[in-house]
>>> print(open('start-v1.tsv').read())   # TSV, C-alpha atoms and all ligand atoms
chain	number	residue	atom	x	y	z
R	70	MET	CA	7.61	7.20	-4.09
R	71	PRO	CA	3.85	7.03	-3.41
R	72	ASP	CA	2.43	9.86	-1.22
R	73	VAL	CA	0.15	7.60	0.79
R	74	GLN	CA	0.89	4.08	1.97
R	75	PRO	CA	-2.17	2.15	0.76
R	76	LEU	CA	-4.34	0.22	3.18
R	77	PRO	CA	-4.34	-3.55	2.69
R	78	PRO	CA	-6.26	-3.80	-0.58
R	79	THR	CA	-9.09	-6.10	0.43
R	80	VAL	CA	-12.71	-5.79	-0.61
R	81	PRO	CA	-13.90	-4.93	2.95
R	82	ALA	CA	-11.12	-2.33	3.27
R	83	VAL	CA	-12.20	-0.70	0.00
R	84	ARG	CA	-15.86	-0.86	1.00
R	85	SER	CA	-15.19	1.20	4.11
R	86	ARG	CA	-13.33	3.99	2.28
R	87	LYS	CA	-15.86	6.86	2.54
R	88	ARG	CA	-14.32	10.32	2.51
R	89	ARG	CA	-17.05	11.61	4.81
R	90	LEU	CA	-15.69	9.15	7.40
R	91	GLY	CA	-12.22	10.63	7.00
R	92	ALA	CA	-10.85	8.22	4.37
R	93	VAL	CA	-8.23	9.27	1.85
R	94	PRO	CA	-9.67	9.08	-1.72
R	95	LEU	CA	-9.33	5.69	-3.40
R	96	VAL	CA	-7.03	5.49	-6.42
R	97	MET	CA	-7.83	3.07	-9.23
R	98	VAL	CA	-6.13	2.79	-12.61
R	99	THR	CA	-6.57	0.37	-15.47
R	100	ALA	CA	-3.94	-2.25	-16.27
R	101	TYR	CA	-4.17	-4.78	-19.05
R	102	ASP	CA	-0.87	-6.66	-18.76
R	103	ALA	CA	2.02	-7.44	-16.42
R	104	PRO	CA	4.06	-4.26	-17.12
R	105	GLY	CA	0.97	-2.10	-16.47
R	106	ALA	CA	0.29	-3.98	-13.24
R	107	ARG	CA	3.90	-3.51	-12.09
R	108	ILE	CA	3.68	0.25	-12.77
R	109	ALA	CA	0.38	0.53	-10.86
R	110	ASP	CA	1.83	-1.48	-7.99
R	111	ALA	CA	5.06	0.55	-7.77
R	112	ALA	CA	3.01	3.77	-7.84
R	113	GLY	CA	1.03	2.61	-4.80
R	114	VAL	CA	-2.51	2.69	-6.21
R	115	ASP	CA	-5.30	0.91	-4.32
R	116	LEU	CA	-7.03	-0.95	-7.16
R	117	VAL	CA	-6.19	-2.04	-10.69
R	118	LEU	CA	-9.07	-2.44	-13.08
R	119	VAL	CA	-8.56	-4.88	-15.91
R	120	GLY	CA	-11.03	-2.87	-17.93
R	121	ASP	CA	-12.89	-3.96	-21.03
R	122	SER	CA	-11.38	-0.71	-22.34
R	123	VAL	CA	-8.50	-3.03	-23.28
R	124	ALA	CA	-10.58	-3.14	-26.47
R	125	ASN	CA	-9.90	0.51	-27.39
R	126	ASN	CA	-6.59	1.04	-25.62
R	127	VAL	CA	-4.70	-2.09	-26.61
R	128	LEU	CA	-6.56	-4.23	-29.12
R	129	GLY	CA	-7.43	-1.49	-31.62
R	130	TYR	CA	-11.22	-1.88	-31.53
R	131	GLU	CA	-13.61	1.07	-31.89
R	132	ASP	CA	-15.61	0.17	-28.78
R	133	THR	CA	-15.70	-2.21	-25.83
R	134	LEU	CA	-18.43	-4.38	-27.34
R	135	GLN	CA	-15.83	-6.45	-29.18
R	136	VAL	CA	-14.08	-8.12	-26.23
R	137	THR	CA	-15.11	-11.52	-24.91
R	138	VAL	CA	-14.86	-13.37	-21.61
R	139	ALA	CA	-11.83	-15.22	-23.07
R	140	ASP	CA	-10.14	-11.87	-23.84
R	141	MET	CA	-10.80	-10.62	-20.31
R	142	VAL	CA	-9.52	-13.86	-18.76
R	143	HIS	CA	-6.35	-13.56	-20.86
R	144	HIS	CA	-5.66	-9.97	-19.71
R	145	THR	CA	-6.72	-10.55	-16.08
R	146	ALA	CA	-4.31	-13.48	-15.86
R	147	ALA	CA	-1.49	-11.35	-17.35
R	148	VAL	CA	-2.10	-8.68	-14.68
R	149	ALA	CA	-2.33	-11.28	-11.91
R	150	ARG	CA	0.97	-12.93	-12.92
R	151	ALA	CA	2.70	-9.68	-11.87
R	152	HIS	CA	1.34	-10.30	-8.32
R	153	PRO	CA	0.49	-6.61	-7.81
R	154	ARG	CA	-0.39	-5.39	-4.33
R	155	PRO	CA	-3.49	-3.43	-5.49
R	156	LEU	CA	-6.84	-5.20	-5.52
R	157	ILE	CA	-7.48	-6.64	-9.01
R	158	VAL	CA	-10.95	-5.94	-10.42
R	159	GLY	CA	-11.85	-7.78	-13.63
R	160	ASP	CA	-14.38	-6.19	-15.99
R	161	LEU	CA	-17.24	-8.39	-17.15
R	162	PRO	CA	-17.57	-7.78	-20.91
R	163	TRP	CA	-20.77	-7.03	-22.76
R	164	LEU	CA	-23.22	-9.96	-22.99
R	165	SER	CA	-21.39	-11.98	-20.33
R	166	TYR	CA	-23.97	-11.01	-17.66
R	167	HIS	CA	-27.05	-9.96	-19.63
R	168	VAL	CA	-28.67	-13.20	-20.72
R	169	ASP	CA	-28.69	-15.82	-18.01
R	170	VAL	CA	-27.89	-15.49	-14.31
R	171	ALA	CA	-26.18	-18.89	-14.01
R	172	ASP	CA	-23.96	-18.11	-17.02
R	173	SER	CA	-23.17	-14.72	-15.50
R	174	VAL	CA	-21.91	-16.39	-12.31
R	175	ARG	CA	-19.78	-18.83	-14.36
R	176	ASN	CA	-18.34	-15.97	-16.43
R	177	ALA	CA	-17.51	-13.96	-13.31
R	178	ALA	CA	-15.95	-17.05	-11.74
R	179	SER	CA	-13.62	-17.39	-14.72
R	180	LEU	CA	-12.28	-13.87	-14.03
R	181	ILE	CA	-11.82	-14.74	-10.35
R	182	ARG	CA	-9.97	-17.95	-11.30
R	183	ALA	CA	-7.77	-15.85	-13.61
R	184	GLY	CA	-6.70	-13.80	-10.60
R	185	ALA	CA	-9.28	-11.05	-10.00
R	186	ALA	CA	-10.54	-10.47	-6.45
R	187	ALA	CA	-13.74	-8.81	-7.70
R	188	VAL	CA	-15.63	-8.12	-10.90
R	189	LYS	CA	-17.17	-4.95	-12.31
R	190	LEU	CA	-20.36	-4.72	-14.35
R	191	GLU	CA	-22.33	-1.88	-15.91
R	192	GLY	CA	-25.94	-0.99	-15.19
R	193	GLY	CA	-28.36	-0.24	-12.38
R	194	ARG	CA	-31.78	-1.57	-11.41
R	195	SER	CA	-31.85	-3.97	-14.35
R	196	ARG	CA	-28.67	-5.65	-13.02
R	197	ALA	CA	-29.78	-6.03	-9.39
R	198	ALA	CA	-30.67	-9.73	-9.73
R	199	VAL	CA	-27.35	-10.67	-11.30
R	200	ILE	CA	-25.42	-8.64	-8.70
R	201	GLU	CA	-27.26	-10.52	-5.95
R	202	ALA	CA	-26.45	-13.87	-7.58
R	203	LEU	CA	-22.76	-13.00	-7.86
R	204	VAL	CA	-22.57	-11.78	-4.28
R	205	SER	CA	-24.29	-14.93	-3.06
R	206	ALA	CA	-21.65	-16.92	-4.97
R	207	GLU	CA	-19.02	-15.01	-2.91
R	208	ILE	CA	-17.94	-12.88	-5.87
R	209	PRO	CA	-17.51	-9.22	-4.87
R	210	VAL	CA	-19.06	-6.82	-7.38
R	211	MET	CA	-18.23	-3.22	-8.30
R	212	GLY	CA	-21.04	-1.35	-10.04
R	213	HIS	CA	-20.68	1.12	-12.91
R	214	LEU	CA	-23.28	3.83	-13.64
R	215	GLY	CA	-23.67	6.90	-15.83
R	216	LEU	CA	-21.81	6.84	-19.13
R	217	THR	CA	-21.57	3.07	-19.47
R	218	PRO	CA	-19.57	2.35	-22.66
R	219	GLN	CA	-21.23	-1.04	-23.24
R	220	SER	CA	-24.46	0.96	-23.85
R	221	VAL	CA	-22.88	3.17	-26.51
R	222	HIS	CA	-25.58	2.41	-29.09
R	223	ALA	CA	-28.46	2.67	-26.62
R	224	MET	CA	-27.10	6.04	-25.38
R	225	GLY	CA	-26.60	7.31	-28.94
R	226	GLY	CA	-22.86	7.85	-28.40
R	227	TYR	CA	-20.50	8.64	-25.55
R	228	ARG	CA	-22.52	11.42	-23.90
R	229	VAL	CA	-22.63	12.83	-20.38
R	230	GLN	CA	-25.48	11.07	-18.55
R	231	GLY	CA	-27.78	12.11	-15.70
R	232	ARG	CA	-28.39	15.67	-16.91
R	233	GLY	CA	-31.79	17.06	-15.92
R	234	ALA	CA	-34.00	16.22	-12.95
R	235	ASP	CA	-35.54	13.00	-14.31
R	236	ALA	CA	-32.24	11.53	-15.50
R	237	GLY	CA	-30.63	12.50	-12.21
R	238	GLU	CA	-33.37	10.78	-10.19
R	239	ALA	CA	-33.11	7.68	-12.40
R	240	LEU	CA	-29.37	7.49	-11.79
R	241	LYS	CA	-29.89	7.86	-8.04
R	242	ALA	CA	-32.43	5.02	-8.11
R	243	ASP	CA	-29.86	2.89	-9.98
R	244	ALA	CA	-27.20	3.75	-7.40
R	245	ARG	CA	-29.50	2.74	-4.53
R	246	ALA	CA	-30.34	-0.50	-6.34
R	247	VAL	CA	-26.74	-1.63	-6.94
R	248	ALA	CA	-25.78	-0.74	-3.37
R	249	ALA	CA	-28.79	-2.65	-2.00
R	250	ALA	CA	-27.95	-5.63	-4.24
R	251	GLY	CA	-24.53	-5.87	-2.57
R	252	CYS	CA	-21.96	-3.91	-4.62
R	253	PHE	CA	-18.92	-2.95	-2.50
R	254	ALA	CA	-18.20	0.18	-4.59
R	255	VAL	CA	-19.57	1.87	-7.67
R	256	VAL	CA	-17.91	3.67	-10.58
R	257	LEU	CA	-19.67	6.90	-11.63
R	258	GLU	CA	-18.65	7.80	-15.17
R	259	GLY	CA	-19.47	10.92	-17.18
R	260	ILE	CA	-22.10	12.55	-14.97
R	261	PRO	CA	-22.46	16.11	-13.62
R	262	ARG	CA	-20.37	16.94	-10.56
R	263	GLN	CA	-23.40	17.85	-8.44
R	264	LEU	CA	-25.16	14.55	-9.17
R	265	ALA	CA	-22.01	12.60	-8.32
R	266	LYS	CA	-21.78	14.49	-5.04
R	267	GLU	CA	-25.40	13.74	-4.15
R	268	VAL	CA	-24.96	10.02	-4.92
R	269	THR	CA	-21.70	9.96	-2.94
R	270	ASP	CA	-23.39	11.68	0.02
R	271	GLU	CA	-26.29	9.24	-0.03
R	272	LEU	CA	-24.50	5.89	-0.49
R	273	ASP	CA	-22.69	3.99	2.24
R	274	ILE	CA	-20.39	2.36	-0.33
R	275	PRO	CA	-17.59	4.35	-1.98
R	276	THR	CA	-18.10	6.00	-5.35
R	277	ILE	CA	-15.17	6.03	-7.77
R	278	GLY	CA	-15.44	8.80	-10.33
R	279	ILE	CA	-14.23	9.16	-13.90
R	280	GLY	CA	-15.44	12.38	-15.46
R	281	ALA	CA	-17.71	12.85	-12.43
R	282	GLY	CA	-15.88	15.63	-10.59
R	283	PRO	CA	-13.84	15.82	-7.42
R	284	ASP	CA	-16.47	14.92	-4.80
R	285	CYS	CA	-16.42	11.13	-5.26
R	286	ASP	CA	-14.76	8.79	-2.75
R	287	GLY	CA	-12.10	7.90	-5.31
R	288	GLN	CA	-11.00	8.34	-8.91
R	289	VAL	CA	-10.17	6.01	-11.78
R	290	LEU	CA	-8.34	6.81	-15.02
R	291	VAL	CA	-7.29	4.72	-17.98
R	292	LEU	CA	-3.52	4.14	-17.71
R	293	HIS	CA	-2.92	4.88	-21.40
R	294	ASP	CA	-4.78	8.21	-21.07
R	295	LEU	CA	-2.92	9.48	-18.02
R	296	LEU	CA	0.44	8.39	-19.43
R	297	GLY	CA	-0.14	10.19	-22.74
R	298	VAL	CA	-0.04	7.01	-24.83
R	299	ASN	CA	-3.39	7.78	-26.45
R	300	PRO	CA	-3.30	10.64	-28.98
R	301	SER	CA	-6.55	12.27	-27.82
R	302	VAL	CA	-8.29	12.07	-24.47
R	303	PRO	CA	-11.60	13.29	-23.03
R	304	LYS	CA	-11.81	16.63	-21.18
R	305	PHE	CA	-11.81	14.99	-17.76
R	306	VAL	CA	-8.40	13.32	-18.21
R	307	ARG	CA	-5.24	14.88	-16.85
R	308	ARG	CA	-2.14	13.68	-18.72
R	309	TYR	CA	0.74	13.13	-16.30
R	310	ALA	CA	3.27	12.16	-18.99
R	311	GLU	CA	3.69	12.22	-22.76
R	312	LEU	CA	4.88	8.64	-23.25
R	313	ALA	CA	3.88	8.40	-26.91
R	314	GLU	CA	6.23	11.32	-27.73
R	315	LEU	CA	9.02	9.88	-25.58
R	316	ALA	CA	8.62	6.40	-27.07
R	317	THR	CA	8.54	7.72	-30.64
R	318	ALA	CA	11.70	9.74	-30.06
R	319	ALA	CA	13.42	6.69	-28.53
R	320	VAL	CA	12.52	4.40	-31.43
R	321	ALA	CA	13.51	7.08	-33.95
R	322	ALA	CA	16.92	7.42	-32.20
R	323	TYR	CA	17.38	3.64	-32.36
R	324	ALA	CA	16.47	3.61	-36.07
R	325	SER	CA	18.91	6.41	-36.75
R	326	ASP	CA	21.73	4.64	-34.84
R	327	VAL	CA	21.15	1.38	-36.74
R	328	ARG	CA	21.19	3.16	-40.09
R	329	SER	CA	24.34	5.13	-39.27
R	330	GLY	CA	26.18	2.09	-37.88
R	331	GLU	CA	26.27	3.62	-34.33
R	332	PHE	CA	24.31	0.68	-32.91
R	333	PRO	CA	25.38	-1.84	-31.83
R	334	SER	CA	28.84	-0.86	-30.58
R	335	ASP	CA	31.59	-3.33	-29.82
R	336	ALA	CA	30.63	-3.10	-26.09
R	337	GLU	CA	27.14	-4.29	-27.02
R	338	ALA	CA	28.52	-7.40	-28.75
R	339	TYR	CA	29.51	-10.79	-27.23
R	340	HIS	CA	33.15	-11.84	-27.36
P	1	LIG	O1	-12.95	-0.39	-18.81
P	1	LIG	C1	-12.66	0.68	-18.23
P	1	LIG	O2	-11.58	1.27	-18.44
P	1	LIG	C2	-13.62	1.23	-17.31
P	1	LIG	C3	-13.27	2.53	-16.64
P	1	LIG	C4	-13.47	3.65	-17.57
P	1	LIG	C5	-14.03	2.72	-15.38
P	1	LIG	O3	-14.66	0.68	-17.12
>>> encode(input="start-v1.tsv", output="structure tokens")
Amino acid sequence: MPDVQPLPPTVPAVRSRKRRLGAVPLVMVTAYDAPGARIADAAGVDLVLVGDSVANNVLGYEDTLQVTVADMVHHTAAVARAHPRPLIVGDLPWLSYHVDVADSVRNAASLIRAGAAAVKLEGGRSRAAVIEALVSAEIPVMGHLGLTPQSVHAMGGYRVQGRGADAGEALKADARAVAAAGCFAVVLEGIPRQLAKEVTDELDIPTIGIGAGPDCDGQVLVLHDLLGVNPSVPKFVRRYAELAELATAAVAAYASDVRSGEFPSDAEAYH
């Protein structure tokens, strides 16, 4: 059973969840399909993120640059059909919000029509105008700063961001910009703990960390990482299960039973 009964998972309720005001940390996990959404719901998390990390975790791509708006609509709709209690956040994929503001609003709207209550996008000051346009179209926006996987080539790989005084100040300026543009929360990924704490202390909106230490207003992990489905995970992940091992053993037992004639039994047949 979940430890904490979640608050009603609305955007305003999430927006007010600052730990310095006494709030319990927010819990977000990715889900890419109906079974994942049912697990997240039954576990009592606050938010499910239909992440563009569906690319790496489900679709077998090397990076998140390969998924399209159509892919994200497909997976957001699958999550929404499970009618989970947590707030559904749909990830805007690369190039769906970089070229034209009107197209960005239409792309975000397609995730909302697929069942998301909010969208997430990566980037700071350079995304302020598009965040404002989405918010003025009544589409709640979650920001995402630090190690932003859609910038993998620009960053030169998946590296911790915000190290050093200049990079730290730049990230703080980005955080101020996305908050001022109207984001209701912001993901901080792959940045030093101290920087995440300073951003969390400064912002009035909640920060949700992933590889950003324990001082954020909430945490997010990829479902397949925390369940031990993925063979290797980054340092910041805690694995709460070893599902790949369990699943392999189960399928191997089934294969063995079929080959030995143990499965199916008469009780597993129709008469
Ligand atoms: O797509 C994703 O899984 C994400 C999280 C890492 C925050 O953006």
>>> residues_around(input="start-v1.tsv", residues="range 235-238 of chain R", least_positions_apart="5", cutoff="10 Å", atoms="all atoms listed in the file", output="list in words")
Gly215, Gln230, Asp243, Ala244, Ile260, Pro261, Gln263, Leu264, Ala265, Glu267 and Val268 of chain R
>>> closest_residue(input="start-v1.tsv", among="R:Gly120, R:Pro81, R:Gly297, R:Pro162", to="Cys252 in chain R", atoms="only C-alpha atoms")
R:Pro81
>>> residues_near_ligand(input="start-v1.tsv", ligand="ligand LIG 1 (chain P)", cutoff="8 Å", atoms="all atoms listed in the file", output="list in words")
Thr99, Leu118, Val119, Gly120, Asp121, Ser122, Val123, Thr133, Asp160, Lys189, His213, Thr217, Pro218, Val256, Leu257, Glu258, Ile279, Val289, Leu290 and Val291 of chain R
>>> residues_around(input="start-v1.tsv", residues="Val170 in chain R", least_positions_apart="3", cutoff="8 Å", atoms="only C-alpha atoms", output="PyMOL selection string")
chain R and resi 166-167+173-174+198-199+202
>>> atom_distance(input="start-v1.tsv", atom1="CA of Phe305 in chain R", atom2="CA of Gly280 in chain R")
5.0 Å
>>> atom_distance(input="start-v1.tsv", atom1="CA of Gly287 in chain R", atom2="CA of Val96 in chain R")
5.7 Å
>>> residues_around(input="start-v1.tsv", residues="range 206-211 of chain R", least_positions_apart="6", cutoff="7 Å", atoms="all atoms listed in the file", output="list in words")
Ala187, Val188, Lys189, Leu190, Ile200, Cys252, Phe253, Ala254 and Val255 of chain R
>>> write_last_selection(input="start-v1.tsv", atoms="C-alpha atoms", output="compact mmCIF listing (two decimals), in the coordinates of the input")
# COMPACT_ATOMS: atom_id res chain seq x y z
CA ALA R 187 -13.74 -8.81 -7.70
CA VAL R 188 -15.63 -8.12 -10.90
CA LYS R 189 -17.17 -4.95 -12.31
CA LEU R 190 -20.36 -4.72 -14.35
CA ILE R 200 -25.42 -8.64 -8.70
CA CYS R 252 -21.96 -3.91 -4.62
CA PHE R 253 -18.92 -2.95 -2.50
CA ALA R 254 -18.20 0.18 -4.59
CA VAL R 255 -19.57 1.87 -7.67
>>> closest_residue(input="start-v1.tsv", among="R:Ala100, R:Leu90, R:Ala319, R:Ala177", to="Asn126 in chain R", atoms="all atoms listed in the file")
R:Ala100
>>> atom_distance(input="start-v1.tsv", atom1="CA of Arg107 in chain R", atom2="CA of Arg150 in chain R")
9.9 Å
>>> residues_around(input="start-v1.tsv", residues="Ala197 in chain R", least_positions_apart="3", cutoff="8 Å", atoms="only C-alpha atoms", output="ChimeraX atom specification")
/R:193-194,200-201,246-247,250
>>> closest_residue(input="start-v1.tsv", among="R:Ser195, R:Gln288, R:Ser85, R:Asn176", to="Val117 in chain R", atoms="all atoms listed in the file")
R:Gln288
>>> closest_residue(input="start-v1.tsv", among="R:Leu315, R:Gly251, R:Ser165, R:Lys241", to="Thr269 in chain R", atoms="all atoms listed in the file")
R:Lys241
>>> residues_around(input="start-v1.tsv", residues="Ala149 in chain R", least_positions_apart="4", cutoff="9 Å", atoms="only C-alpha atoms", output="compact mmCIF listing (two decimals) with C-alpha atoms, keeping the file's coordinate frame")
# COMPACT_ATOMS: atom_id res chain seq x y z
CA ASP R 102 -0.87 -6.66 -18.76
CA ALA R 103 2.02 -7.44 -16.42
CA ALA R 106 0.29 -3.98 -13.24
CA HIS R 144 -5.66 -9.97 -19.71
CA THR R 145 -6.72 -10.55 -16.08
CA PRO R 153 0.49 -6.61 -7.81
CA ILE R 157 -7.48 -6.64 -9.01
CA ALA R 183 -7.77 -15.85 -13.61
CA GLY R 184 -6.70 -13.80 -10.60
CA ALA R 185 -9.28 -11.05 -10.00
>>> closest_residue(input="start-v1.tsv", among="R:His222, R:Asp294, R:Ala147, R:Gly330", to="Asn125 in chain R", atoms="all atoms listed in the file")
R:Asp294
>>> closest_residue(input="start-v1.tsv", among="R:Asp140, R:Glu191, R:Val114, R:Thr317", to="Val127 in chain R", atoms="all atoms listed in the file")
R:Asp140
>>> decode(input="start-v1.tsv", residues="range 230-257 of chain R", atoms="N, CA and C atoms", output="mmCIF file, in the first residue's frame")
data_model
loop_
_atom_site.group_PDB
_atom_site.id
_atom_site.type_symbol
_atom_site.label_atom_id
_atom_site.label_comp_id
_atom_site.auth_asym_id
_atom_site.auth_seq_id
_atom_site.Cartn_x
_atom_site.Cartn_y
_atom_site.Cartn_z
ATOM 1 N N GLN R 230 25.519 18.619 -15.945
ATOM 2 C CA GLN R 230 25.493 20.020 -16.371
ATOM 3 C C GLN R 230 25.555 20.946 -15.143
ATOM 4 N N GLY R 231 25.865 22.213 -15.403
ATOM 5 C CA GLY R 231 25.809 23.224 -14.340
ATOM 6 C C GLY R 231 26.993 23.197 -13.403
ATOM 7 N N ARG R 232 28.087 22.527 -13.805
ATOM 8 C CA ARG R 232 29.283 22.508 -12.951
ATOM 9 C C ARG R 232 30.083 23.773 -13.190
ATOM 10 N N GLY R 233 30.566 24.396 -12.127
ATOM 11 C CA GLY R 233 31.328 25.641 -12.256
ATOM 12 C C GLY R 233 30.404 26.838 -12.104
ATOM 13 N N ALA R 234 31.003 27.974 -11.732
ATOM 14 C CA ALA R 234 30.196 29.156 -11.383
ATOM 15 C C ALA R 234 29.383 29.663 -12.565
ATOM 16 N N ASP R 235 29.999 29.765 -13.747
ATOM 17 C CA ASP R 235 29.285 30.331 -14.902
ATOM 18 C C ASP R 235 28.121 29.436 -15.321
ATOM 19 N N ALA R 236 28.398 28.134 -15.396
ATOM 20 C CA ALA R 236 27.333 27.203 -15.808
ATOM 21 C C ALA R 236 26.220 27.188 -14.776
ATOM 22 N N GLY R 237 26.597 27.301 -13.506
ATOM 23 C CA GLY R 237 25.588 27.322 -12.451
ATOM 24 C C GLY R 237 24.707 28.558 -12.565
ATOM 25 N N GLU R 238 25.336 29.716 -12.820
ATOM 26 C CA GLU R 238 24.554 30.960 -12.958
ATOM 27 C C GLU R 238 23.648 30.887 -14.194
ATOM 28 N N ALA R 239 24.162 30.289 -15.271
ATOM 29 C CA ALA R 239 23.353 30.160 -16.494
ATOM 30 C C ALA R 239 22.120 29.298 -16.216
ATOM 31 N N LEU R 240 22.327 28.204 -15.472
ATOM 32 C CA LEU R 240 21.177 27.341 -15.180
ATOM 33 C C LEU R 240 20.165 28.059 -14.291
ATOM 34 N N LYS R 241 20.668 28.861 -13.344
ATOM 35 C CA LYS R 241 19.731 29.612 -12.487
ATOM 36 C C LYS R 241 18.933 30.615 -13.317
ATOM 37 N N ALA R 242 19.595 31.260 -14.278
ATOM 38 C CA ALA R 242 18.885 32.214 -15.144
ATOM 39 C C ALA R 242 17.817 31.484 -15.959
ATOM 40 N N ASP R 243 18.138 30.268 -16.424
ATOM 41 C CA ASP R 243 17.146 29.474 -17.155
ATOM 42 C C ASP R 243 15.964 29.109 -16.251
ATOM 43 N N ALA R 244 16.271 28.755 -15.018
ATOM 44 C CA ALA R 244 15.202 28.373 -14.079
ATOM 45 C C ALA R 244 14.280 29.559 -13.816
ATOM 46 N N ARG R 245 14.869 30.734 -13.627
ATOM 47 C CA ARG R 245 14.036 31.939 -13.407
ATOM 48 C C ARG R 245 13.164 32.193 -14.635
ATOM 49 N N ALA R 246 13.752 31.994 -15.820
ATOM 50 C CA ALA R 246 13.030 32.306 -17.058
ATOM 51 C C ALA R 246 11.837 31.374 -17.258
ATOM 52 N N VAL R 247 12.014 30.065 -17.019
ATOM 53 C CA VAL R 247 10.882 29.150 -17.252
ATOM 54 C C VAL R 247 9.804 29.362 -16.188
ATOM 55 N N ALA R 248 10.224 29.701 -14.972
ATOM 56 C CA ALA R 248 9.226 29.990 -13.928
ATOM 57 C C ALA R 248 8.456 31.260 -14.293
ATOM 58 N N ALA R 249 9.179 32.293 -14.726
ATOM 59 C CA ALA R 249 8.514 33.556 -15.084
ATOM 60 C C ALA R 249 7.603 33.376 -16.295
ATOM 61 N N ALA R 250 7.973 32.466 -17.201
ATOM 62 C CA ALA R 250 7.147 32.237 -18.402
ATOM 63 C C ALA R 250 5.883 31.469 -18.075
ATOM 64 N N GLY R 251 5.805 30.842 -16.893
ATOM 65 C CA GLY R 251 4.543 30.226 -16.485
ATOM 66 C C GLY R 251 4.585 28.735 -16.212
ATOM 67 N N CYS R 252 5.783 28.116 -16.203
ATOM 68 C CA CYS R 252 5.837 26.678 -15.878
ATOM 69 C C CYS R 252 5.290 26.449 -14.465
ATOM 70 N N PHE R 253 4.589 25.320 -14.281
ATOM 71 C CA PHE R 253 4.035 25.008 -12.949
ATOM 72 C C PHE R 253 4.979 24.133 -12.133
ATOM 73 N N ALA R 254 6.023 23.618 -12.762
ATOM 74 C CA ALA R 254 7.041 22.796 -12.088
ATOM 75 C C ALA R 254 8.196 22.674 -13.068
ATOM 76 N N VAL R 255 9.351 22.266 -12.548
ATOM 77 C CA VAL R 255 10.495 22.113 -13.455
ATOM 78 C C VAL R 255 11.317 20.894 -13.029
ATOM 79 N N VAL R 256 11.646 20.059 -14.018
ATOM 80 C CA VAL R 256 12.543 18.924 -13.786
ATOM 81 C C VAL R 256 13.985 19.439 -13.824
ATOM 82 N N LEU R 257 14.777 19.028 -12.840
ATOM 83 C CA LEU R 257 16.218 19.321 -12.826
ATOM 84 C C LEU R 257 16.935 17.996 -12.983
#
